[in-house]
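Asker: Dropping in model-v4.tsv, with TSV, C-alpha atoms and all ligand atoms.
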```tsv
chain	number	residue	atom	x	y	z
A	1	MET	CA	34.23	-8.16	-16.81
A	2	LEU	CA	30.67	-9.06	-15.93
A	3	HIS	CA	28.02	-6.59	-17.03
A	4	VAL	CA	25.38	-6.47	-14.32
A	5	ALA	CA	22.13	-4.59	-14.75
A	6	GLU	CA	22.29	-0.90	-14.00
A	7	ALA	CA	19.37	-1.28	-11.57
A	8	MET	CA	21.61	-3.32	-9.25
A	9	GLY	CA	23.51	-0.10	-8.51
A	10	ARG	CA	20.28	1.39	-7.19
A	11	LEU	CA	19.37	-1.52	-4.94
A	12	GLY	CA	20.02	-0.61	-1.32
A	13	THR	CA	20.09	-2.80	1.76
A	14	GLU	CA	19.04	-2.95	5.37
A	15	THR	CA	22.00	-1.82	7.44
A	16	ALA	CA	20.52	-3.39	10.58
A	17	PHE	CA	21.90	-6.63	9.10
A	18	ASP	CA	25.38	-5.03	8.81
A	19	VAL	CA	25.25	-3.97	12.46
A	20	LEU	CA	24.20	-7.51	13.35
A	21	ALA	CA	27.20	-8.91	11.47
A	22	ARG	CA	29.60	-6.46	13.15
A	23	ALA	CA	28.13	-7.25	16.57
A	24	ALA	CA	28.53	-10.98	15.88
A	25	ALA	CA	32.16	-10.45	14.80
A	26	LEU	CA	32.92	-8.57	18.03
A	27	GLU	CA	31.28	-11.38	20.02
A	28	ARG	CA	33.53	-13.90	18.26
A	29	GLU	CA	36.48	-11.81	19.49
A	30	GLY	CA	35.18	-12.40	23.01
A	31	ARG	CA	33.44	-9.04	23.54
A	32	ASP	CA	30.20	-8.92	25.53
A	33	ILE	CA	27.78	-7.24	23.13
A	34	ILE	CA	24.24	-6.19	24.07
A	35	ASN	CA	22.16	-6.25	20.94
A	36	LEU	CA	19.58	-3.50	20.78
A	37	GLY	CA	19.92	-3.32	17.01
A	38	ILE	CA	17.77	-6.23	16.06
A	39	GLY	CA	14.21	-5.92	14.74
A	40	GLN	CA	12.77	-9.20	15.88
A	41	PRO	CA	10.97	-10.27	19.05
A	42	ASP	CA	13.21	-12.18	21.49
A	43	PHE	CA	10.40	-14.64	22.22
A	44	LYS	CA	9.77	-18.16	21.05
A	45	THR	CA	7.11	-18.95	18.48
A	46	PRO	CA	4.16	-20.29	20.55
A	47	GLY	CA	4.43	-24.07	21.01
A	48	HIS	CA	1.08	-24.92	19.38
A	49	VAL	CA	2.19	-23.08	16.25
A	50	VAL	CA	5.39	-25.13	16.00
A	51	GLU	CA	3.37	-28.31	16.61
A	52	ALA	CA	1.00	-27.45	13.76
A	53	ALA	CA	3.92	-27.23	11.34
A	54	VAL	CA	5.40	-30.53	12.56
A	55	ASP	CA	1.98	-32.21	12.27
A	56	ALA	CA	1.55	-30.82	8.76
A	57	LEU	CA	4.89	-32.27	7.64
A	58	LYS	CA	4.08	-35.64	9.23
A	59	ALA	CA	0.71	-35.61	7.47
A	60	GLY	CA	2.50	-35.22	4.15
A	61	HIS	CA	2.03	-31.52	3.46
A	62	HIS	CA	5.37	-31.07	1.77
A	63	GLY	CA	4.47	-30.28	-1.80
A	64	TYR	CA	3.68	-27.11	-3.72
A	65	THR	CA	0.54	-25.27	-2.66
A	66	PRO	CA	-1.51	-22.76	-4.67
A	67	ALA	CA	0.75	-19.75	-5.31
A	68	ASN	CA	-1.50	-17.35	-3.37
A	69	GLY	CA	-1.65	-19.68	-0.33
A	70	ILE	CA	-3.89	-22.55	0.77
A	71	LEU	CA	-7.55	-21.63	1.07
A	72	PRO	CA	-7.90	-22.47	4.80
A	73	LEU	CA	-5.07	-20.05	5.56
A	74	ARG	CA	-6.58	-17.28	3.44
A	75	GLN	CA	-9.93	-17.95	5.14
A	76	ALA	CA	-8.26	-17.75	8.56
A	77	VAL	CA	-6.69	-14.42	7.58
A	78	ALA	CA	-10.05	-13.08	6.38
A	79	SER	CA	-11.80	-14.19	9.61
A	80	ASP	CA	-9.04	-12.68	11.75
A	81	LEU	CA	-9.31	-9.37	9.89
A	82	GLU	CA	-13.07	-9.43	10.21
A	83	ALA	CA	-12.77	-10.00	13.98
A	84	ARG	CA	-9.93	-7.58	14.55
A	85	ARG	CA	-10.48	-4.77	12.06
A	86	GLY	CA	-14.26	-5.20	11.87
A	87	VAL	CA	-14.41	-5.32	8.08
A	88	PRO	CA	-15.42	-8.10	5.72
A	89	VAL	CA	-12.52	-9.45	3.66
A	90	ASP	CA	-12.83	-11.80	0.68
A	91	PRO	CA	-10.30	-14.66	1.15
A	92	ASP	CA	-9.67	-14.50	-2.60
A	93	THR	CA	-8.13	-11.04	-2.19
A	94	VAL	CA	-5.58	-12.38	0.32
A	95	VAL	CA	-2.19	-13.30	-1.15
A	96	VAL	CA	0.16	-15.22	1.17
A	97	VAL	CA	3.89	-14.57	0.69
A	98	PRO	CA	7.19	-15.43	2.38
A	99	GLY	CA	7.25	-12.44	4.78
A	100	GLY	CA	6.00	-8.88	4.85
A	101	LYS	CA	8.91	-7.72	2.72
A	102	VAL	CA	7.70	-9.66	-0.29
A	103	THR	CA	4.39	-7.79	-0.45
A	104	MET	CA	6.34	-4.55	-0.30
A	105	PHE	CA	8.67	-5.57	-3.12
A	106	PHE	CA	5.80	-6.83	-5.29
A	107	ALA	CA	3.63	-3.74	-4.74
A	108	ILE	CA	6.56	-1.53	-5.71
A	109	LEU	CA	7.28	-3.66	-8.81
A	110	VAL	CA	3.60	-3.46	-9.80
A	111	PHE	CA	3.70	0.35	-9.85
A	112	GLY	CA	7.35	1.35	-10.18
A	113	GLU	CA	9.00	2.25	-13.47
A	114	PRO	CA	10.87	5.26	-14.88
A	115	GLY	CA	8.59	8.29	-14.88
A	116	ALA	CA	6.56	7.09	-11.89
A	117	GLU	CA	6.83	8.58	-8.41
A	118	ILE	CA	6.36	6.64	-5.20
A	119	LEU	CA	6.00	8.29	-1.78
A	120	TYR	CA	7.49	6.62	1.26
A	121	PRO	CA	8.09	7.53	4.93
A	122	ASP	CA	11.48	8.92	6.02
A	123	PRO	CA	12.73	7.79	8.47
A	124	GLY	CA	11.16	4.52	7.40
A	125	PHE	CA	11.84	0.87	6.68
A	126	PRO	CA	14.88	1.04	4.35
A	127	ILE	CA	13.53	-1.42	1.81
A	128	TYR	CA	10.85	1.06	0.68
A	129	HIS	CA	13.45	3.46	-0.74
A	130	SER	CA	15.68	0.67	-2.00
A	131	ALA	CA	12.95	-1.15	-3.93
A	132	VAL	CA	11.47	2.04	-5.35
A	133	ALA	CA	14.89	3.12	-6.66
A	134	PHE	CA	15.50	-0.38	-8.06
A	135	SER	CA	12.20	-0.27	-9.96
A	136	GLY	CA	13.32	2.92	-11.75
A	137	ALA	CA	10.59	5.04	-10.14
A	138	LYS	CA	11.47	8.25	-8.30
A	139	PRO	CA	11.49	7.78	-4.52
A	140	VAL	CA	9.76	10.77	-2.87
A	141	PRO	CA	10.37	10.91	0.90
A	142	VAL	CA	7.65	12.09	3.26
A	143	PRO	CA	9.33	13.36	6.45
A	144	LEU	CA	8.15	11.96	9.77
A	145	LEU	CA	8.82	14.44	12.54
A	146	GLU	CA	9.56	14.05	16.22
A	147	GLU	CA	7.29	17.00	17.11
A	148	ASN	CA	4.46	15.08	15.45
A	149	GLY	CA	5.18	11.94	17.50
A	150	PHE	CA	6.61	10.48	14.25
A	151	ALA	CA	3.06	10.11	12.93
A	152	PHE	CA	2.67	10.94	9.28
A	153	SER	CA	0.77	14.06	8.38
A	154	ALA	CA	-1.86	13.69	5.64
A	155	ASP	CA	-1.08	17.24	4.48
A	156	ASP	CA	2.61	16.37	4.14
A	157	VAL	CA	1.74	13.31	2.06
A	158	LEU	CA	-0.83	15.06	-0.13
A	159	SER	CA	1.40	18.10	-0.77
A	160	ARG	CA	4.01	15.80	-2.34
A	161	MET	CA	1.62	14.09	-4.74
A	162	THR	CA	1.74	14.88	-8.44
A	163	PRO	CA	0.03	13.37	-11.51
A	164	ALA	CA	3.04	10.98	-11.66
A	165	THR	CA	2.39	9.56	-8.17
A	166	ARG	CA	1.53	5.90	-8.63
A	167	LEU	CA	1.84	4.61	-5.08
A	168	VAL	CA	1.84	6.05	-1.56
A	169	ILE	CA	3.44	3.95	1.17
A	170	VAL	CA	2.41	4.51	4.77
A	171	ASN	CA	3.40	2.57	7.90
A	172	THR	CA	1.73	2.66	11.30
A	173	PRO	CA	2.83	1.68	13.93
A	174	ALA	CA	6.16	2.52	12.39
A	175	ASN	CA	9.67	1.21	12.16
A	176	PRO	CA	12.11	2.74	13.19
A	177	THR	CA	10.30	5.32	15.32
A	178	GLY	CA	7.46	3.44	17.03
A	179	GLY	CA	5.26	6.32	15.81
A	180	VAL	CA	1.52	5.72	15.59
A	181	THR	CA	-0.61	7.74	13.20
A	182	PRO	CA	-4.05	8.59	14.62
A	183	LYS	CA	-7.20	7.64	12.75
A	184	GLU	CA	-8.08	11.31	12.06
A	185	GLU	CA	-4.94	11.66	9.97
A	186	LEU	CA	-5.75	8.52	7.97
A	187	ASP	CA	-9.32	9.88	7.49
A	188	LYS	CA	-7.82	13.07	6.10
A	189	LEU	CA	-5.48	11.16	3.80
A	190	ALA	CA	-8.30	8.93	2.52
A	191	GLU	CA	-10.37	12.04	1.81
A	192	GLY	CA	-7.46	13.79	0.09
A	193	LEU	CA	-6.73	10.77	-2.12
A	194	THR	CA	-10.08	11.26	-3.87
A	195	ALA	CA	-8.30	14.04	-5.80
A	196	PHE	CA	-5.74	11.47	-7.04
A	197	PRO	CA	-7.85	8.59	-8.38
A	198	ASN	CA	-4.87	7.00	-10.15
A	199	ALA	CA	-2.70	6.62	-7.07
A	200	ALA	CA	-2.66	3.37	-5.07
A	201	ILE	CA	-1.79	3.16	-1.39
A	202	MET	CA	0.16	0.47	0.43
A	203	ALA	CA	-0.35	0.46	4.19
A	204	ASP	CA	2.31	-1.50	6.03
A	205	GLU	CA	0.43	-2.69	9.11
A	206	ILE	CA	2.90	-5.36	10.24
A	207	TYR	CA	2.95	-3.87	13.79
A	208	SER	CA	-0.86	-3.57	14.01
A	209	ARG	CA	-1.07	-5.70	17.17
A	210	MET	CA	1.81	-3.88	18.86
A	211	LEU	CA	0.21	-0.82	20.42
A	212	TYR	CA	0.49	0.67	23.93
A	213	ASP	CA	-1.67	2.59	26.39
A	214	GLY	CA	-4.95	1.34	24.93
A	215	ARG	CA	-4.31	2.80	21.49
A	216	THR	CA	-6.36	1.28	18.68
A	217	HIS	CA	-5.13	0.52	15.20
A	218	ALA	CA	-6.21	2.68	12.28
A	219	SER	CA	-6.28	0.34	9.27
A	220	ILE	CA	-6.54	1.22	5.61
A	221	LEU	CA	-9.19	-1.51	5.40
A	222	HIS	CA	-11.62	0.83	7.17
A	223	TYR	CA	-12.03	2.94	4.02
A	224	PRO	CA	-14.42	1.34	1.50
A	225	ALA	CA	-13.70	4.22	-0.90
A	226	LEU	CA	-10.08	3.00	-1.15
A	227	LYS	CA	-10.95	-0.68	-1.57
A	228	ASP	CA	-10.05	-0.65	-5.26
A	229	ARG	CA	-6.56	0.74	-4.68
A	230	ALA	CA	-5.44	-0.17	-1.18
A	231	ILE	CA	-2.89	-2.89	-0.44
A	232	MET	CA	-2.82	-3.84	3.25
A	233	LEU	CA	0.44	-5.54	4.26
A	234	ASP	CA	0.58	-7.64	7.43
A	235	GLY	CA	2.08	-10.93	8.55
A	236	TRP	CA	3.12	-13.22	11.34
A	237	SER	CA	6.77	-12.20	11.86
A	238	LYS	CA	6.36	-9.71	14.69
A	239	THR	CA	3.02	-10.66	16.28
A	240	TYR	CA	3.82	-14.35	16.68
A	241	ALA	CA	7.63	-14.12	16.90
A	242	MET	CA	7.93	-15.89	13.54
A	243	THR	CA	10.55	-13.83	11.68
A	244	GLY	CA	12.51	-16.87	10.48
A	245	TRP	CA	9.50	-18.81	9.25
A	246	ARG	CA	8.99	-16.31	6.43
A	247	LEU	CA	5.24	-15.85	6.34
A	248	GLY	CA	3.28	-12.74	5.47
A	249	TYR	CA	0.20	-11.71	3.55
A	250	ALA	CA	-1.54	-8.77	1.97
A	251	VAL	CA	-5.10	-7.91	1.10
A	252	TRP	CA	-4.92	-6.67	-2.47
A	253	PRO	CA	-7.49	-4.80	-4.56
A	254	LYS	CA	-9.43	-7.39	-6.62
A	255	SER	CA	-7.98	-6.08	-9.88
A	256	LEU	CA	-4.39	-6.68	-8.69
A	257	VAL	CA	-4.74	-10.15	-7.16
A	258	GLU	CA	-3.99	-11.94	-10.41
A	259	GLY	CA	-0.84	-9.84	-11.01
A	260	ALA	CA	0.38	-10.32	-7.44
A	261	THR	CA	-0.20	-14.08	-7.79
A	262	ARG	CA	1.73	-14.10	-11.07
A	263	LEU	CA	4.64	-12.41	-9.27
A	264	CYS	CA	4.50	-15.25	-6.69
A	265	ILE	CA	4.57	-17.87	-9.44
A	266	ASN	CA	7.56	-16.18	-11.09
A	267	CYS	CA	9.44	-15.65	-7.85
A	268	HIS	CA	8.92	-18.30	-5.18
A	269	SER	CA	6.00	-20.49	-6.38
A	270	CYS	CA	4.44	-20.61	-2.90
A	271	VAL	CA	5.26	-20.35	0.80
A	272	ASN	CA	6.38	-23.72	2.14
A	273	ALA	CA	3.35	-25.80	3.03
A	274	ALA	CA	4.08	-26.59	6.69
A	275	THR	CA	4.57	-22.91	7.50
A	276	GLN	CA	1.15	-22.15	6.08
A	277	PHE	CA	-0.41	-24.63	8.52
A	278	ALA	CA	1.54	-22.96	11.33
A	279	GLY	CA	0.01	-19.66	10.19
A	280	ILE	CA	-3.50	-21.08	10.60
A	281	ALA	CA	-2.69	-22.32	14.12
A	282	ALA	CA	-1.30	-18.90	15.04
A	283	LEU	CA	-4.43	-17.06	13.94
A	284	GLU	CA	-7.00	-19.55	15.20
A	285	GLY	CA	-5.29	-20.75	18.39
A	286	PRO	CA	-4.93	-19.10	21.81
A	287	GLN	CA	-3.58	-15.56	21.72
A	288	ASP	CA	-2.19	-15.52	25.27
A	289	ALA	CA	1.44	-15.63	24.05
A	290	VAL	CA	0.83	-12.45	22.03
A	291	ASP	CA	-0.75	-10.74	25.06
A	292	ALA	CA	2.11	-11.82	27.34
A	293	MET	CA	4.70	-10.59	24.82
A	294	MET	CA	3.00	-7.20	24.63
A	295	GLU	CA	2.88	-6.88	28.42
A	296	THR	CA	6.61	-7.51	28.51
A	297	PHE	CA	7.27	-5.00	25.73
A	298	ALA	CA	5.15	-2.39	27.54
A	299	GLU	CA	7.27	-2.76	30.68
A	300	ARG	CA	10.52	-2.58	28.71
A	301	ARG	CA	9.28	0.47	26.86
A	302	ARG	CA	8.85	2.30	30.17
A	303	VAL	CA	12.33	1.25	31.29
A	304	ILE	CA	14.12	2.19	28.07
A	305	VAL	CA	12.41	5.55	27.57
A	306	ASP	CA	13.21	6.62	31.15
A	307	ALA	CA	16.78	5.36	30.88
A	308	LEU	CA	17.44	7.05	27.53
A	309	ASN	CA	16.03	10.34	28.80
A	310	SER	CA	18.53	10.20	31.65
A	311	LEU	CA	21.48	10.19	29.22
A	312	PRO	CA	23.24	13.51	28.58
A	313	GLY	CA	22.32	14.89	25.16
A	314	PHE	CA	19.47	12.39	24.63
A	315	ARG	CA	15.76	13.19	24.33
A	316	CYS	CA	13.31	10.34	23.76
A	317	ILE	CA	9.57	10.55	23.20
A	318	GLU	CA	7.35	7.62	24.13
A	319	PRO	CA	6.80	5.33	21.17
A	320	GLY	CA	3.11	4.46	20.75
A	321	GLY	CA	3.71	1.10	19.11
A	322	ALA	CA	6.15	-1.53	17.78
A	323	PHE	CA	9.25	-2.22	19.91
A	324	TYR	CA	11.62	0.58	19.01
A	325	ALA	CA	12.69	3.76	20.78
A	326	PHE	CA	14.05	6.51	18.54
A	327	PRO	CA	15.79	9.09	20.72
A	328	ASN	CA	17.08	12.41	19.47
A	329	ILE	CA	20.82	12.45	20.15
A	330	GLU	CA	21.76	15.85	18.70
A	331	GLY	CA	22.69	17.07	22.19
A	332	THR	CA	25.61	14.62	22.28
A	333	GLY	CA	27.29	16.44	19.39
A	334	LEU	CA	27.57	13.12	17.54
A	335	THR	CA	26.10	12.26	14.18
A	336	ALA	CA	23.86	9.20	14.05
A	337	ALA	CA	26.59	7.11	12.40
A	338	GLN	CA	29.25	8.28	14.87
A	339	ALA	CA	26.99	7.41	17.81
A	340	GLN	CA	26.17	3.97	16.35
A	341	ASP	CA	29.89	3.17	15.88
A	342	LEU	CA	31.01	4.65	19.20
A	343	PHE	CA	28.40	2.78	21.23
A	344	LEU	CA	29.14	-0.50	19.47
A	345	ASP	CA	32.93	-0.21	19.68
A	346	LYS	CA	33.31	1.39	23.11
A	347	ALA	CA	30.17	0.37	25.01
A	348	GLY	CA	29.52	-2.96	23.29
A	349	VAL	CA	25.93	-1.91	22.54
A	350	ALA	CA	24.48	-2.48	19.08
A	351	THR	CA	22.00	0.16	17.90
A	352	VAL	CA	21.13	1.40	14.40
A	353	ALA	CA	21.89	4.93	13.14
A	354	GLY	CA	18.74	6.87	12.25
A	355	THR	CA	20.29	7.63	8.85
A	356	SER	CA	19.96	3.91	7.98
A	357	PHE	CA	16.26	4.75	7.65
A	358	GLY	CA	16.64	7.86	5.48
A	359	GLY	CA	18.09	11.36	5.55
A	360	TYR	CA	15.50	12.62	8.04
A	361	GLY	CA	16.87	10.08	10.54
A	362	GLU	CA	20.02	12.18	11.10
A	363	GLY	CA	20.35	13.05	14.78
A	364	TYR	CA	18.50	9.90	15.91
A	365	LEU	CA	19.38	6.37	16.91
A	366	ARG	CA	17.12	3.30	16.86
A	367	PHE	CA	17.06	1.14	19.96
A	368	SER	CA	15.11	-2.09	19.72
A	369	TYR	CA	13.81	-3.23	23.09
A	370	ALA	CA	13.57	-6.84	21.98
A	371	ASN	CA	16.00	-7.64	24.79
A	372	SER	CA	15.69	-8.20	28.55
A	373	THR	CA	15.08	-5.33	30.96
A	374	GLU	CA	18.34	-6.21	32.63
A	375	ASN	CA	20.27	-5.93	29.35
A	376	ILE	CA	18.50	-2.67	28.46
A	377	GLU	CA	19.56	-1.18	31.81
A	378	ARG	CA	23.12	-2.47	31.43
A	379	ALA	CA	23.33	-1.11	27.88
A	380	VAL	CA	22.22	2.37	28.86
A	381	GLU	CA	24.63	2.41	31.82
A	382	ARG	CA	27.49	1.50	29.49
A	383	ILE	CA	26.50	4.25	27.05
A	384	ALA	CA	26.36	6.70	29.97
A	385	ASP	CA	29.95	5.72	30.89
A	386	VAL	CA	31.13	6.29	27.31
A	387	LEU	CA	29.39	9.68	27.10
A	388	ARG	CA	30.94	10.75	30.39
A	389	GLY	CA	34.31	9.83	28.81
A	401	LIG	N1	7.54	-3.81	7.41
A	401	LIG	C1	8.16	-3.22	8.44
A	401	LIG	C2	7.78	-1.83	8.80
A	401	LIG	C3	9.15	-3.90	9.15
A	401	LIG	O1	9.77	-3.31	10.17
A	401	LIG	C4	9.49	-5.21	8.75
A	401	LIG	C5	10.55	-5.97	9.44
A	401	LIG	O2	11.38	-5.46	10.15
A	401	LIG	C6	8.82	-5.77	7.67
A	401	LIG	C7	7.85	-5.05	7.03
A	401	LIG	C8	9.21	-7.12	7.13
A	401	LIG	O3	8.72	-8.16	7.83
A	401	LIG	P1	9.05	-9.67	7.39
A	401	LIG	O4	10.15	-10.12	8.27
A	401	LIG	O5	7.76	-10.40	7.62
A	401	LIG	O6	9.45	-9.66	5.95
```
What would you get if you wrote out this structure as C-alpha cells?
Ligand code: PLP
Answerer:
Amino acid sequence: MLHVAEAMGRLGTETAFDVLARAAALEREGRDIINLGIGQPDFKTPGHVVEAAVDALKAGHHGYTPANGILPLRQAVASDLEARRGVPVDPDTVVVVPGGKVTMFFAILVFGEPGAEILYPDPGFPIYHSAVAFSGAKPVPVPLLEENGFAFSADDVLSRMTPATRLVIVNTPANPTGGVTPKEELDKLAEGLTAFPNAAIMADEIYSRMLYDGRTHASILHYPALKDRAIMLDGWSKTYAMTGWRLGYAVWPKSLVEGATRLCINCHSCVNAATQFAGIAALEGPQDAVDAMMETFAERRRVIVDALNSLPGFRCIEPGGAFYAFPNIEGTGLTAAQAQDLFLDKAGVATVAGTSFGGYGEGYLRFSYANSTENIERAVERIADVLRG
C-alpha cells in the first residue's frame, strides 16, 4: 500500500477538463457535440508569433534560459505594461512562467500553510481553492453575486479578513462569470487593505484585454501603496490564443522576486526558450489579431446572451469581459450539475456546472462563447428542445 501525502487528498482539479474528456468520448461514439465548455479562444496564434518561435529554434535558442525569463522578454512585458496600464514596471520584478496557473500556484505556496487564511472569489477559477487547500491554509470564499454583476465587493472582501489573512486573491475580468469589477471598488479595497499591512494581494488579470462596451481595465498596478505586496498575474494564453504554448508572467513585489525565482528553479527551471521569443513577438508585433478576436467575441456575446435569455427558466446578465456567459438557471428546476449532464447527454452541448467554480455557483451554468455564432445558435436551440421535453 503506497502512502501518499495527506495534502494530495486536498488537491482539487478543474472539472472543465472532465467535461472536455466526456465530450470527446461522446464524439468518438459518433455524437455531434457542440463544445461551449472550453476556456480557450478558438483562434489561431497570430502567424508572426509562430514564426518568431520557429526562427528562435533555427537560430539555436534551445537551451536553458534564466529561470525568471530572458531579459528582452521581461523588458517587453515592462514596456507593454507601461504603455497599457500607464505605470512604470521594473523588468527585474517580472517573473516569466509556463502559464498563468503557475504564478497562482507559486503565490499560494509562498503564503499558504496551516494557520494561514487565503481569500478567493467564489464562483471563481477552481485552482484557487484547490491550491489553497493543498498548501494547508484555510480557503475563505468571497461570494460574487449576480445582482452585483459578479463584480467583487471591497466590503465583502474586507469583512472576511482577519489577522491570519495572508493573501487575498481577486480576478477581474473574471472566470467563470465574465464579471468586471469597477475601479471604484478596487480603490476601496486598496484603501481598506491599509488596515491589514501583513496581507498580500494577488490580482489575476489574465483577461485584462478582454473587455466590452468601452470598459477600461482596473489594474492592481495602479496602486503605488500596494507595490510592496501586490502580485499581478497576466499572460499570453487568452489574449494571443496561446493556451498550449504555456507562457505567463507576473509582476512580483521586489522582496518576493527571489523566492518566486527559486520556485521556478525547483519546479520547471525555465519556460522553453523558443516560446519566450514568441512572447516578445506577440507583445511587440501588430495587435490587429487581438482586436479582430475581440470584435468577434463581442458579436458572439450579443448572440449568446440574447439566446440564453430566450430559454425557459434562464436569466443571463451581460458579461463585461472575458468570453463566458454565466446564466442563472434556477427557473429550470435543475441543479447546476443536473443541467450540465442533461445538456451534454441529451442536447450534445458541453457546458460547465457553476458548482465546478465553488458553492456559490449553484444555480448557474458556464457557457464559453469560444465557438462560432452558428454553433452557439444551434446549441441553444438544442437546449430549448430538451427543456421543452
Ligand atoms: N486565471 C484565470 C482566471 C483563468 O481563467 C485561467 C485559464 O482558464 C488562468 C488563470 C490560467 O491561464 P494559463 O492557461 O495561462 O495557465
Asker: Counting only C-alpha atoms, which residues in segment 158-275 of chain A sit no more than 12 Å from segment 298-319 of chain A? For each one, give the nearest pair of atoms and the distance in Å, sorted by chain then residue number, as a Markdown table.
Answerer:
```
| residue | atom | partner | partner_atom | distance |
| --- | --- | --- | --- | --- |
| A:Thr172 | CA | A:Pro319 | CA | 11.4 |
| A:Pro173 | CA | A:Pro319 | CA | 9.0 |
| A:Ala174 | CA | A:Pro319 | CA | 9.2 |
| A:Asn175 | CA | A:Pro319 | CA | 10.3 |
| A:Pro176 | CA | A:Pro319 | CA | 9.9 |
| A:Thr177 | CA | A:Pro319 | CA | 6.8 |
| A:Gly178 | CA | A:Pro319 | CA | 4.6 |
| A:Gly179 | CA | A:Pro319 | CA | 5.7 |
| A:Val180 | CA | A:Pro319 | CA | 7.7 |
| A:Thr181 | CA | A:Pro319 | CA | 11.1 |
| A:Met210 | CA | A:Ala298 | CA | 9.4 |
| A:Leu211 | CA | A:Ala298 | CA | 8.8 |
| A:Tyr212 | CA | A:Ala298 | CA | 6.6 |
| A:Asp213 | CA | A:Ala298 | CA | 8.5 |
| A:Gly214 | CA | A:Ala298 | CA | 11.1 |
| A:Arg215 | CA | A:Pro319 | CA | 11.4 |
```
Asker: For the residues in that selection, give me C-alpha atoms as a tab-separated table (two decimals), keeping the file's coordinate frame.
Answerer:
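Wrote it out as result16.tsv, contents follow:
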```tsv
chain	number	residue	atom	x	y	z
A	172	THR	CA	1.73	2.66	11.30
A	173	PRO	CA	2.83	1.68	13.93
A	174	ALA	CA	6.16	2.52	12.39
A	175	ASN	CA	9.67	1.21	12.16
A	176	PRO	CA	12.11	2.74	13.19
A	177	THR	CA	10.30	5.32	15.32
A	178	GLY	CA	7.46	3.44	17.03
A	179	GLY	CA	5.26	6.32	15.81
A	180	VAL	CA	1.52	5.72	15.59
A	181	THR	CA	-0.61	7.74	13.20
A	210	MET	CA	1.81	-3.88	18.86
A	211	LEU	CA	0.21	-0.82	20.42
A	212	TYR	CA	0.49	0.67	23.93
A	213	ASP	CA	-1.67	2.59	26.39
A	214	GLY	CA	-4.95	1.34	24.93
A	215	ARG	CA	-4.31	2.80	21.49
```
Asker: Which is closest to Ala76 of chain A among A:Glu27, A:Asp90, A:Glu191, A:Glu146, if we use only C-alpha atoms?
Answerer: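 Closest candidate: A:Asp90.
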Asker: Listed atoms of ligand LIG 401 (chain A), axis-aligned box, 5 Å per side: centre and edge lengths to one decimal in Å, as AutoDock Vina command-line options?
Answerer:
```
--center_x 9.5 --center_y -6.1 --center_z 8.1 --size_x 13.8 --size_y 18.6 --size_z 14.2
```
Asker: Figure out the distance between atom CA of Gly361 of chain A and atom CA of Met161 of chain A, please, to one decimal in Å.
Answerer: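 Separating atom CA of Met161 of chain A from atom CA of Gly361 of chain A is a distance of 22.0 Å.
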Asker: With the cut-off set at 6 Å and counting all atoms listed in the file, tabulate each residue of chain A with an atom at most that distance from an atom of ligand LIG 401 (chain A), showing the nearest atom pair and its distance in Å to one decimal, ordered by chain and increasing number, as CSV.
Answerer:
```
residue,atom,partner,partner_atom,distance
A:Gly39,CA,A:LIG401,O2,5.4
A:Gly99,CA,A:LIG401,O5,3.5
A:Gly100,CA,A:LIG401,O5,3.6
A:Lys101,CA,A:LIG401,O6,3.8
A:Phe125,CA,A:LIG401,C2,5.3
A:Ala174,CA,A:LIG401,C2,5.9
A:Asn175,CA,A:LIG401,C2,4.9
A:Asp204,CA,A:LIG401,N1,5.9
A:Ile206,CA,A:LIG401,N1,5.7
A:Gly235,CA,A:LIG401,O5,5.8
A:Ser237,CA,A:LIG401,O5,4.7
A:Thr243,CA,A:LIG401,O4,5.1
A:Gly248,CA,A:LIG401,O5,5.5
```
Asker: Write a file of the just-selected residues containing C-alpha atoms, as a short mmCIF file (atom, residue, chain, number, x, y, z; two decimals), in the frame of the given file.
Answerer:
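Ended up saving to out-v4.cif:
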```cif
data_model
loop_
_atom_site.label_atom_id
_atom_site.label_comp_id
_atom_site.auth_asym_id
_atom_site.auth_seq_id
_atom_site.Cartn_x
_atom_site.Cartn_y
_atom_site.Cartn_z
CA GLY A 39 14.21 -5.92 14.74
CA GLY A 99 7.25 -12.44 4.78
CA GLY A 100 6.00 -8.88 4.85
CA LYS A 101 8.91 -7.72 2.72
CA PHE A 125 11.84 0.87 6.68
CA ALA A 174 6.16 2.52 12.39
CA ASN A 175 9.67 1.21 12.16
CA ASP A 204 2.31 -1.50 6.03
CA ILE A 206 2.90 -5.36 10.24
CA GLY A 235 2.08 -10.93 8.55
CA SER A 237 6.77 -12.20 11.86
CA THR A 243 10.55 -13.83 11.68
CA GLY A 248 3.28 -12.74 5.47
#
```
Asker: Which residue is closest to Ile201 of chain A? Choose from A:Val140, A:Leu189, A:Leu73, A:Ala67 and count all atoms listed in the file.
Answerer: A:Leu189
Asker: If you measure from atom CA of Asp288 of chain A to atom CA of Glu51 of chain A, what distance in Å do you get, rounded to one decimal?
Answerer: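 Between atom CA of Asp288 of chain A and atom CA of Glu51 of chain A the gap is 16.4 Å.
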Asker: As number ranges by chain, please: the residues near Arg84 of chain A (cut-off 12 Å, only C-alpha atoms, same-chain neighbours under 5 positions excluded).
Answerer: A: 76-79, 89, 208-209, 216-219, 221-222, 283
Asker: Between atom CA of Phe343 of chain A and atom CA of Glu374 of chain A, measure the distance and give it in Å to one decimal.
Answerer: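 Interatomic distance here is 17.7 Å.
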Asker: Kindly indicate which residue among A:Asn266, A:Thr351, A:Ser130, A:Thr194 lies nearest to Gln338 of chain A, using all atoms listed in the file for the distances.
Answerer: A:Thr351
Asker: Which of these, A:Asp291, A:Phe106, A:Pro197, A:Glu185, has the shortest distance to Asn148 of chain A once you count all atoms listed in the file?
Answerer: A:Glu185
Asker: A:Gly279, A:Leu145, A:Gly244, A:Asp345: which is nearest Gly363 of chain A, counting only C-alpha atoms?
Answerer: A:Leu145
Asker: List as a ChimeraX atom specification the protein and nucleic acid residues near Glu14 of chain A, meaning an atom at most 8 Å away when all atoms listed in the file are counted, but skip any in the same chain fewer than 5 places from it.
Answerer: /A:126-127,356
Asker: Kindly indicate which residue among A:Val257, A:Val349, A:Val157, A:Cys264 lies nearest to Glu377 of chain A, using all atoms listed in the file for the distances.
Answerer: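 Of the candidates, the smallest distance to Glu377 of chain A is held by A:Val349.
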